[in-house]
Every structure is written in structure tokens, then in C-alpha cells.
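All remarks here apply to the structure that follows.
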Amino acid sequence: MSAGSAGDRELVAAFLAGRGEAEFRRLYAAHAPRLYLWLLRLCGGRESEAEDLMQETWLRAAEKLPDFRWEAALSTWLGGIGWNAYREASRRSRRLAAAPEESADEAGSAPDAGEPAARFDLERAVRELPEGYREVLLLHDVEGYTHEEIARTLEISAGTSKSQLARAREWLRRRLGSPARQKGRIS
Amino acid sequence: MSEREEGWSEMEVRALKELPRELSPRPELEQRIVAALAERGLVRARRSGRGRLGRAAAAVAAGLLLVAAGIWIGRTLPPGRARTTAPDTSPRFVLFLLRGQESDRPEEEGARVAEYRAWARGLAASGRSVSGEKLDDREERLGADGAPVAAAAAASEEEIRGYFVVSAASLDDALAVARGCPHLRHGGRIVVRPIVPT
């Protein structure tokens, strides 16, 4: 989640100067599409949940923005706020209670490699990843974060990030079928 | 650890990286979020009426005609013009800038001046009336009989370093403005008080 820092600084400065609605809308327009897809994926594709998280993320961001130190890209910061909101909401609904190691069992019930290729949907498979795996895989393989960046964002160790990624990939591979069969499908 | 060591082929990694990065949410969501922010005083609702910005800017210019000695924002701003348009009738609030834990190093003053000025100008550009001055450290107190009263022996965290007068829709709105003031980032504190129209 990188972003043009100079442009972001101008957008943020203009907004914080008077907290004008027009200035906020410009800031929103610059970051909403990426933030929304990130939240939608976190939510496993549940749109109403993603929209609630989107609102919560912007509420928190608007409040904390004066304290933002630009030590990370604004999009990364927003993504982190979104992640925290998601995590808190998940804990409230007890959907994140199970440790990833436990939810790894879900991979065992995944369709086998013989599932028709027509049903293959990488996007959907990613959204179906067990929570705990999904965030790490999204950040690393989709957003391009390093393990150190993931560690800071998710407040886990870099080692945990690596192991979660390995498990996430294994789960995804089993979900989609064997690597040999899948190479032709995903390319 | 390389991608290959983690057991993911380059083709598979590329397939994931090529997933879309952006998806525009429904337009209704933006409106909903703006309304929620405005309700909490985190965004100032857009005002209607043509020419309001111009009137406010004129009011700001007049407000920024500040006295010469020691002022934060007025000293380095270009001279303003006398206000000739209708006065801004929005509620006004005083932001008292207290010393707090702020550092007070002379070598930083220039940067502070520029920072506070940019913030005030941003407020003005967004349509708010704003004025303000930095206060000298000297302080004399008078009792009800007009006789001198002992002042605080040393600078305290309650010492008023300066102030801004800004227009805002509500106290929450004024608090939102205050949260953006660079004074907080420098360790100072801000007291926000509504001005009673008289």
C-alpha cells in the first residue's frame, strides 16, 4: 500500500487546516478504492461488513490524523487502522477466536484437485482463506509488504508472519488444487 | 526467505500480485461517512451560499492585521485589507494556547512561525474567519482595587502563550479545529472557549 507521499501530504494538510468537507472528499477519493478492497477482502467479501469497517476506519483516521508522523505511507497507515477495526469487530463477533493453526483444519475439507477448472476463482479462494492466514497472504502476496512491515502492521513477529504465509499458501494450494494443475489455471 | 523457499512458484506469486488493488465503494458510502464525520465534529459540513468564502477571506485578512511585536501569524503575513463586506456571523471561539510541555527554543521560532501561519492560512482558505496573536511572556496582574498583585514566580503550564479566534459551527467543530493546531504537536495545550455574542 504505497502512495504518493507528496500528494498525500498536501491532501492531509489541506484537510487538517480547516477540516473542510471538500478537502476530506478529496482525501477520501484518493484512498477509498484501495482501502475498500483491502477491507472487503479482510471481510471475506461481505460488503455490508466492509462498509461498516470503512466508516469506522475513516472516523478513526480523521481523529488521529493530526498525530500521523509520516513514518509510513498514508495508505499503509489507513490499512493498519482498517485492520485494527476489523480485528476488534472480529473479536466482538468471536470469529477471530480460533488460532490459525486450529483453523488450518479447514484446509482438509477443501475441494480436491479434481474440482472443475471452471469453478476456480482465485479472488474467491483468497477471501475464503481462514482468518489469520488471509491477512498475511494479502499483505505479502497482494500488497507487497515485507514480513517486517507485516509484523508492524499486524503486531506479530516477522517469524510468525513467515510461518503464517507458508501455511496460507499451502491452504490456498490445496484449495485450488495441486501446483502442477494450477499453474496453467492461474496464469 | 525467498518465495521459492516458501514453496510458492513465481507464477503463483504473480497471479496473486495481479489481483486488482482497487475497487470503488458505492457512492452512498462516501456520503454516509461524511455525515458520520460531521456528526462527530471531525469534518466541517460544507456551507451553502455564494460568495461566503470570499467574505470569510476578507474577514480573515482583517483579522490578520496584527500588532507588530512578537505575533506568531501576523508578523509574517502580508498586510490585509479593511473589511468592507458583511460580517461573518458564525459562532466564534477562542483557542488559548497554553505552555503545557512545549519546548521553547529560540532557534525553533522561525519554523514555528511558518508552521502556525500555514495552519492559520489553511483555516482561512477553508472559509473560516481567524485571527490570533502571540503574547509576550511578561505578565502583570491587578486586583479589584487596581493595585498590583503578585504574578506567578515562574512560567507554568497554564501560562497563555497566545491565542486564536476562529469561527466554527459548534464547540465540537471548534475542538476539531484545535486538534489540527500545530501547538499540540509542540507539546502545548489548548483551551477552547466559545465567545458569547454581545
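Labels used: A, B, ... for chains in the order of the C-alpha cells, numbers from 1 for residues in each chain, and numbers from 1 for ligands as shown.
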
Nearby residues (only C-alpha atoms) at most 8 Å from Arg134 in chain A, same-chain spacing under 5 positions excluded, as a CSV table (one decimal) with N, CA and C atoms, in the first residue's frame:
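The new file selection_10.csv reads:
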chain,number,residue,atom,x,y,z
A,42,LEU,N,-10.5,-8.6,3.6
A,42,LEU,CA,-10.4,-9.0,5.0
A,42,LEU,C,-11.7,-9.6,5.5
A,126,VAL,N,-9.0,-16.6,-2.1
A,126,VAL,CA,-8.3,-15.7,-1.2
A,126,VAL,C,-9.2,-15.3,-0.1
A,127,ARG,N,-10.4,-14.9,-0.5
A,127,ARG,CA,-11.4,-14.4,0.5
A,127,ARG,C,-11.8,-15.5,1.5
A,128,GLU,N,-11.7,-16.8,1.0
A,128,GLU,CA,-12.1,-17.9,1.8
A,128,GLU,C,-11.0,-18.4,2.7
A,129,LEU,N,-9.8,-17.8,2.6
A,129,LEU,CA,-8.7,-18.2,3.4
A,129,LEU,C,-9.1,-18.0,4.9
A,168,ALA,N,-0.7,-20.3,4.8
A,168,ALA,CA,-1.7,-19.7,3.9
A,168,ALA,C,-1.5,-20.2,2.5

If the cut-off is 9 Å, can you tell me the residues of chain B near chain A, counting only C-alpha atoms? I'd like them as a PyMOL selection string. chain B and resi 1+6-9+11-26+29-30+32-34+36-38+40-46+118-128+173+176-177+179-182+185

Convert the current residue selection to file output with C-alpha atoms, as an mmCIF file, in the first residue's frame.
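Output below, filename out.cif:
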data_model
loop_
_atom_site.group_PDB
_atom_site.id
_atom_site.type_symbol
_atom_site.label_atom_id
_atom_site.label_comp_id
_atom_site.auth_asym_id
_atom_site.auth_seq_id
_atom_site.Cartn_x
_atom_site.Cartn_y
_atom_site.Cartn_z
ATOM 1 C CA MET B 1 13.326 -16.440 2.915
ATOM 2 C CA GLU B 6 8.373 -20.705 0.980
ATOM 3 C CA GLY B 7 7.002 -23.128 -1.570
ATOM 4 C CA TRP B 8 5.217 -20.731 -3.897
ATOM 5 C CA SER B 9 6.039 -20.726 -7.556
ATOM 6 C CA MET B 11 3.744 -17.970 -11.462
ATOM 7 C CA GLU B 12 1.549 -18.331 -8.439
ATOM 8 C CA VAL B 13 3.075 -15.271 -6.807
ATOM 9 C CA ARG B 14 2.490 -13.283 -9.959
ATOM 10 C CA ALA B 15 -1.115 -14.401 -10.176
ATOM 11 C CA LEU B 16 -1.752 -13.058 -6.706
ATOM 12 C CA LYS B 17 0.085 -9.830 -7.353
ATOM 13 C CA GLU B 18 -2.030 -9.308 -10.431
ATOM 14 C CA LEU B 19 -5.239 -9.347 -8.452
ATOM 15 C CA PRO B 20 -6.979 -5.958 -8.525
ATOM 16 C CA ARG B 21 -5.710 -3.442 -5.974
ATOM 17 C CA GLU B 22 -8.631 -1.092 -6.029
ATOM 18 C CA LEU B 23 -12.387 -1.266 -6.018
ATOM 19 C CA SER B 24 -14.505 1.837 -5.748
ATOM 20 C CA PRO B 25 -17.097 1.571 -2.992
ATOM 21 C CA ARG B 26 -20.673 2.670 -3.543
ATOM 22 C CA LEU B 29 -20.881 5.103 1.396
ATOM 23 C CA GLU B 30 -18.924 8.311 0.939
ATOM 24 C CA ARG B 32 -22.598 8.187 4.875
ATOM 25 C CA ILE B 33 -19.027 8.564 6.059
ATOM 26 C CA VAL B 34 -19.004 12.316 5.575
ATOM 27 C CA ALA B 36 -20.763 10.454 10.375
ATOM 28 C CA LEU B 37 -17.612 12.573 10.462
ATOM 29 C CA ALA B 38 -19.605 15.795 10.516
ATOM 30 C CA ARG B 40 -18.655 13.958 15.429
ATOM 31 C CA GLY B 41 -17.168 17.287 14.522
ATOM 32 C CA LEU B 42 -14.341 15.702 12.541
ATOM 33 C CA VAL B 43 -15.401 17.295 9.283
ATOM 34 C CA ARG B 44 -16.915 20.693 8.891
ATOM 35 C CA ALA B 45 -20.072 20.483 6.836
ATOM 36 C CA ARG B 46 -19.969 22.350 3.595
ATOM 37 C CA ALA B 118 0.411 27.883 7.384
ATOM 38 C CA TRP B 119 -2.175 26.375 9.669
ATOM 39 C CA ALA B 120 -3.981 29.709 10.084
ATOM 40 C CA ARG B 121 -3.874 30.315 6.370
ATOM 41 C CA GLY B 122 -5.313 26.883 5.773
ATOM 42 C CA LEU B 123 -8.180 27.744 8.069
ATOM 43 C CA ALA B 124 -8.736 30.967 6.210
ATOM 44 C CA ALA B 125 -8.644 29.212 2.860
ATOM 45 C CA SER B 126 -11.325 26.823 4.037
ATOM 46 C CA GLY B 127 -13.651 29.701 4.771
ATOM 47 C CA ARG B 128 -13.194 30.298 8.458
ATOM 48 C CA ASP B 173 -16.296 21.812 15.393
ATOM 49 C CA ALA B 176 -11.800 19.613 15.712
ATOM 50 C CA VAL B 177 -10.085 22.777 14.536
ATOM 51 C CA ARG B 179 -6.872 19.319 17.216
ATOM 52 C CA GLY B 180 -5.253 20.343 13.977
ATOM 53 C CA CYS B 181 -3.328 23.205 15.530
ATOM 54 C CA PRO B 182 0.421 22.660 15.466
ATOM 55 C CA ARG B 185 2.418 18.818 18.300
#

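Every protein or nucleic acid residue with an atom no more than 12 Å from Arg87 in chain A, counting only C-alpha atoms and leaving out same-chain residues fewer than 5 positions away, appears here: A:Leu39, A:Leu42, A:Cys43, A:Leu53, A:Thr57, A:Gly80, A:Ile81, A:Gly82, A:Arg92, A:Ser93, A:Arg94, A:Arg95, A:Leu96, A:Ala97, A:Glu131, A:Gly132, A:Glu135, A:Thr153, A:Leu154, A:Glu155.
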
For Ser90 in chain B, work out the shell of residues within 8 Å, counting only C-alpha atoms and skipping chain neighbours fewer than 3 positions away, then give it as a PyMOL selection string. chain B and resi 167-169

Could you please take those selected residues and save N, CA and C atoms as an mmCIF file, in the first residue's frame?
data_model
loop_
_atom_site.group_PDB
_atom_site.id
_atom_site.type_symbol
_atom_site.label_atom_id
_atom_site.label_comp_id
_atom_site.auth_asym_id
_atom_site.auth_seq_id
_atom_site.Cartn_x
_atom_site.Cartn_y
_atom_site.Cartn_z
ATOM 1 N N SER B 167 -13.833 30.990 13.682
ATOM 2 C CA SER B 167 -15.261 30.714 13.541
ATOM 3 C C SER B 167 -15.440 29.204 13.405
ATOM 4 N N ALA B 168 -16.511 28.722 13.980
ATOM 5 C CA ALA B 168 -16.798 27.282 13.910
ATOM 6 C C ALA B 168 -18.293 27.090 14.076
ATOM 7 N N ALA B 169 -18.768 25.978 13.565
ATOM 8 C CA ALA B 169 -20.210 25.728 13.606
ATOM 9 C C ALA B 169 -20.687 25.372 15.006
#

Could you go through range 107-150 of chain B and tell me which residues DSSP, when run on the backbone, assigns to strand (DSSP E or B), listing them as a ChimeraX atom specification? /B:130-134,141-142,148-149

If you keep C-alpha atoms, can you produce a file of those selected residues as a JSON list (two decimals), in the first residue's frame?
[["chain", "number", "residue", "atom", "x", "y", "z"],
["B", 130, "VAL", "CA", -9.39, 33.51, 12.04],
["B", 131, "SER", "CA", -7.15, 35.89, 13.89],
["B", 132, "GLY", "CA", -4.59, 35.44, 16.56],
["B", 133, "GLU", "CA", -1.59, 36.78, 18.35],
["B", 134, "LYS", "CA", 1.34, 35.54, 20.31],
["B", 141, "ARG", "CA", -1.79, 41.39, 37.48],
["B", 142, "LEU", "CA", -4.11, 43.83, 39.08],
["B", 148, "PRO", "CA", -0.59, 45.15, 41.61],
["B", 149, "VAL", "CA", -0.96, 41.52, 42.59]]

May I ask for the distance between CA of Leu11 in chain A and CA of His186 in chain B, given in Å to one decimal place? 21.8 Å
